[in-house]
Structures are given as structure tokens and as C-alpha cells.
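Asks: My structure is in query06.txt, and what it holds is compact mmCIF, C-alpha atoms:
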```txt
# COMPACT_ATOMS: atom_id res chain seq x y z
CA MET T 3 22.73 78.66 -36.55
CA ASP T 4 20.37 77.40 -34.04
CA PHE T 5 18.96 75.02 -36.54
CA GLN T 6 22.31 73.40 -37.25
CA GLU T 7 23.14 72.93 -33.59
CA MET T 8 19.88 71.11 -33.11
CA ALA T 9 20.67 68.85 -36.01
CA VAL T 10 24.02 67.99 -34.48
CA ILE T 11 22.40 67.13 -31.17
CA ASP T 12 19.88 64.91 -32.96
CA GLU T 13 22.67 63.08 -34.75
CA ASN T 14 24.49 62.38 -31.50
CA THR T 15 21.45 60.93 -29.81
CA ALA T 16 20.62 58.82 -32.86
CA ALA T 17 24.13 57.34 -32.84
CA GLU T 18 23.72 56.04 -29.27
CA GLY T 19 20.89 53.73 -30.29
CA PRO T 20 17.68 52.88 -28.43
CA GLN T 21 17.75 53.37 -24.69
CA ARG T 22 17.16 50.32 -22.45
CA ARG T 23 15.15 50.27 -19.32
CA GLU T 24 17.00 48.81 -16.36
CA SER T 25 13.96 47.11 -14.87
CA GLY T 26 13.17 45.16 -18.04
CA LYS T 27 16.40 43.12 -18.17
CA ARG T 28 16.33 39.39 -17.92
CA GLY T 29 18.82 37.15 -16.20
CA ARG T 30 20.81 37.49 -13.04
CA LYS T 31 21.11 40.85 -11.42
CA PRO T 32 24.60 41.51 -10.11
CA GLY T 33 23.60 43.56 -7.05
CA ARG T 34 21.14 41.08 -5.48
CA LYS T 35 23.40 38.16 -4.47
CA SER T 36 23.06 38.64 -0.72
CA ALA T 37 19.31 39.24 -0.90
CA ASP T 38 18.86 36.07 -2.98
CA LYS T 39 20.82 34.05 -0.44
CA VAL T 40 18.61 35.32 2.38
CA ASP T 41 15.50 34.50 0.36
CA MET T 42 16.83 31.04 -0.44
CA LYS T 43 17.68 30.37 3.23
CA ALA T 44 14.19 31.45 4.29
CA LYS T 45 12.65 29.27 1.61
CA LEU T 46 14.71 26.26 2.71
CA GLU T 47 13.75 26.83 6.34
CA ARG T 48 10.06 27.02 5.43
CA SER T 49 10.44 23.81 3.46
CA ARG T 50 12.14 22.07 6.39
CA GLN T 51 9.42 23.25 8.78
CA SER T 52 6.72 22.04 6.42
CA ALA T 53 8.42 18.65 6.18
CA ARG T 54 8.65 18.39 9.99
CA GLU T 55 4.94 19.19 10.31
CA CYS T 56 4.08 16.64 7.62
CA ARG T 57 6.07 13.92 9.40
CA ALA T 58 4.37 14.78 12.70
CA ARG T 59 0.92 14.54 11.09
CA LYS T 60 1.86 11.24 9.48
CA LYS T 61 3.08 9.87 12.82
CA LEU T 62 -0.17 10.87 14.55
CA ARG T 63 -2.23 9.33 11.75
CA TYR T 64 -0.34 6.03 12.05
CA GLN T 65 -0.70 6.03 15.84
CA TYR T 66 -4.45 6.58 15.48
CA LEU T 67 -4.75 3.76 12.94
CA GLU T 68 -2.69 1.38 15.10
CA GLU T 69 -4.95 2.09 18.09
CA LEU T 70 -8.00 1.53 15.90
CA VAL T 71 -6.63 -1.81 14.67
CA ALA T 72 -5.78 -2.89 18.24
CA ASP T 73 -9.32 -2.07 19.41
CA ARG T 74 -10.84 -3.99 16.52
CA GLU T 75 -8.58 -6.98 17.19
CA LYS T 76 -9.71 -7.02 20.82
CA ALA T 77 -13.34 -6.90 19.71
CA VAL T 78 -12.78 -9.76 17.24
CA PHE T 79 -11.07 -11.83 19.94
CA ALA T 80 -13.95 -11.25 22.38
CA LEU T 81 -16.53 -12.17 19.73
CA ARG T 82 -14.66 -15.36 18.82
CA LYS T 83 -14.50 -16.34 22.46
CA GLU T 84 -18.24 -15.72 22.81
CA LEU T 85 -18.91 -17.72 19.63
CA GLU T 86 -16.88 -20.66 20.95
CA LYS T 87 -18.89 -20.53 24.17
CA TYR T 88 -22.19 -20.67 22.27
CA VAL T 89 -20.93 -23.49 20.01
CA GLN T 90 -19.98 -25.51 23.10
CA ILE T 91 -23.41 -24.85 24.66
CA ALA T 92 -25.12 -25.98 21.43
CA LYS T 93 -23.03 -29.20 21.38
CA ASP T 94 -23.89 -29.91 25.02
CA LEU T 95 -27.60 -29.35 24.35
CA ASP T 96 -27.46 -31.66 21.30
CA GLU T 97 -25.95 -34.38 23.51
CA GLY T 98 -28.75 -33.90 26.03
CA LYS T 99 -26.55 -32.28 28.68
CA ILE T 100 -27.38 -29.07 30.50
CA PRO T 101 -24.30 -26.88 30.15
CA GLU T 102 -22.80 -25.00 33.09
CA GLY T 103 -23.86 -21.37 33.24
CA LEU T 104 -26.85 -21.85 30.93
CA HIS T 105 -29.18 -20.38 33.50
CA GLU T 106 -27.04 -17.20 33.78
CA ILE T 107 -26.86 -16.86 29.98
CA LEU T 108 -30.64 -17.14 29.69
CA GLN T 109 -31.05 -14.54 32.42
CA GLU T 110 -28.70 -12.14 30.59
CA THR T 111 -30.52 -12.53 27.28
CA SER T 112 -33.93 -12.09 28.90
CA ASN T 113 -32.70 -8.93 30.65
CA LEU T 114 -31.36 -7.58 27.34
CA ASN T 115 -34.65 -8.33 25.60
CA LEU T 116 -36.59 -6.53 28.33
CA LYS T 117 -34.39 -3.45 28.00
CA GLN T 118 -34.75 -3.34 24.21
CA GLU T 119 -38.57 -3.68 24.10
CA PRO T 120 -39.75 -0.28 25.47
```
So that I can check it, write out the structure of this file as C-alpha cells.
Replies:
Amino acid sequence: MDFQEMAVIDENTAAEGPQRRESGKRGRKPGRKSADKVDMKAKLERSRQSARECRARKKLRYQYLEELVADREKAVFALRKELEKYVQIAKDLDEGKIPEGLHEILQETSNLNLKQEP
């Protein structure tokens, strides 16, 4: 009798089919809606913070580049002014005139040469 009861039990379990594991399911999980919303809100906030930081870095980079350009433009302007001065001195010398401030310019260049020689 024991043998037949076991056979009946085996038939019942075989009729149920293979058992599924709950952790192996794919797709949406019905009990995690609120947790997913919290995760999504945190993810969105991190994304917004990252975007703010990126915009701040970009703003600083552009400010730095604008300052660099302004400094270079000032240097170019000063060099052009100096070039015009030397061109005018050369024209005056070609005409046989002694330009104003020639003595000071020669003094400056001789002082610079003395400083560079040691």
C-alpha cells in the first residue's frame, strides 16, 4: 500500500509541471513601482546636477579663453604701436632728420643689451 500512495503523490507533482524560480523572471515586477520611482527620481537629480556642473565648467572655460584673447589683443595693439613708432623713426632717419626721443630709445636698447650680456 505504501508503494501505491507514493505513486499517486508522484503523479500529482508531475501534473503541476516544472517549478519556476521567482528571481529568474523577466519583465516588470509588480511590487517594485514605488522603489523604481525613487530610483528614477534620484537618477534624474544626479543627471541634473551633472548638467549644472558641466555648464559651470563650460562657463569658466569660456571666461578663461576670453581673458586670454583680451590679453593677446592688448599685446598685439602694443606691438603695433611700437612698430609704427620704429617705422616713423626709420622714415625720419632716411630723410636726414633726427627724430624726437631717439636718444631715449637708444639708451633703452643699450640698457637692455647690457642686462642680457652677463
Asks: How many Å separate atom CA of T:Ala92 from atom CA of T:Leu104?
Replies: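 Going from atom CA of T:Ala92 over to atom CA of T:Leu104 covers 10.5 Å.
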Asks: What separation in Å, quoted to one decimal, exists between atom CA of T:Lys99 and atom CA of T:Val78?
Replies: 28.8 Å
Asks: What is the atom CA of T:Asn115 to atom CA of T:Glu75 distance in Å?
Replies: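 Interatomic distance, atom CA of T:Asn115 to atom CA of T:Glu75: 27.4 Å.
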Asks: With distances taken over all atoms listed in the file, which residue among T:Tyr64, T:Ala53, T:Asp73, T:Gly103 lies nearest T:Gln90?
Replies: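 Looking only at the distances to T:Gln90, the closest residue turns out to be T:Gly103.
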Asks: With N, CA, C and O atoms as the target, complete stretch 93-107 of chain T and hand it back as a CSV table (one decimal), in the frame of the given file.
Replies:
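Output contents, as saved in result_3.csv:
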```
chain,number,residue,atom,x,y,z
T,93,LYS,N,-23.5,-27.8,21.4
T,93,LYS,CA,-23.0,-29.2,21.4
T,93,LYS,C,-23.5,-29.9,22.6
T,93,LYS,O,-24.0,-31.1,22.5
T,94,ASP,N,-23.4,-29.3,23.8
T,94,ASP,CA,-23.9,-29.9,25.0
T,94,ASP,C,-25.4,-30.2,25.0
T,94,ASP,O,-25.9,-31.2,25.4
T,95,LEU,N,-26.1,-29.2,24.5
T,95,LEU,CA,-27.6,-29.4,24.4
T,95,LEU,C,-28.0,-30.5,23.4
T,95,LEU,O,-28.9,-31.2,23.6
T,96,ASP,N,-27.2,-30.6,22.3
T,96,ASP,CA,-27.5,-31.7,21.3
T,96,ASP,C,-27.2,-33.0,21.9
T,96,ASP,O,-27.9,-34.0,21.6
T,97,GLU,N,-26.3,-33.1,22.8
T,97,GLU,CA,-26.0,-34.4,23.5
T,97,GLU,C,-26.9,-34.6,24.7
T,97,GLU,O,-26.8,-35.7,25.3
T,98,GLY,N,-27.8,-33.7,25.0
T,98,GLY,CA,-28.8,-33.9,26.0
T,98,GLY,C,-28.2,-33.5,27.4
T,98,GLY,O,-28.9,-33.7,28.4
T,99,LYS,N,-27.1,-32.8,27.4
T,99,LYS,CA,-26.6,-32.3,28.7
T,99,LYS,C,-27.0,-30.8,28.9
T,99,LYS,O,-27.2,-30.1,28.0
T,100,ILE,N,-27.1,-30.5,30.2
T,100,ILE,CA,-27.4,-29.1,30.5
T,100,ILE,C,-26.0,-28.4,30.8
T,100,ILE,O,-25.4,-28.8,31.8
T,101,PRO,N,-25.6,-27.5,30.0
T,101,PRO,CA,-24.3,-26.9,30.2
T,101,PRO,C,-24.2,-26.0,31.4
T,101,PRO,O,-25.2,-25.5,31.9
T,102,GLU,N,-23.0,-25.9,31.9
T,102,GLU,CA,-22.8,-25.0,33.1
T,102,GLU,C,-23.0,-23.6,32.7
T,102,GLU,O,-22.5,-23.1,31.6
T,103,GLY,N,-23.7,-22.8,33.5
T,103,GLY,CA,-23.9,-21.4,33.2
T,103,GLY,C,-25.0,-21.1,32.3
T,103,GLY,O,-25.2,-19.9,31.9
T,104,LEU,N,-25.8,-22.1,31.9
T,104,LEU,CA,-26.8,-21.8,30.9
T,104,LEU,C,-27.9,-21.0,31.6
T,104,LEU,O,-28.5,-20.1,30.9
T,105,HIS,N,-28.2,-21.2,32.8
T,105,HIS,CA,-29.2,-20.4,33.5
T,105,HIS,C,-28.8,-18.9,33.5
T,105,HIS,O,-29.6,-18.0,33.2
T,106,GLU,N,-27.5,-18.6,33.8
T,106,GLU,CA,-27.0,-17.2,33.8
T,106,GLU,C,-27.1,-16.6,32.4
T,106,GLU,O,-27.5,-15.4,32.2
T,107,ILE,N,-26.8,-17.4,31.3
T,107,ILE,CA,-26.9,-16.9,30.0
T,107,ILE,C,-28.3,-16.5,29.6
T,107,ILE,O,-28.6,-15.5,29.0
```
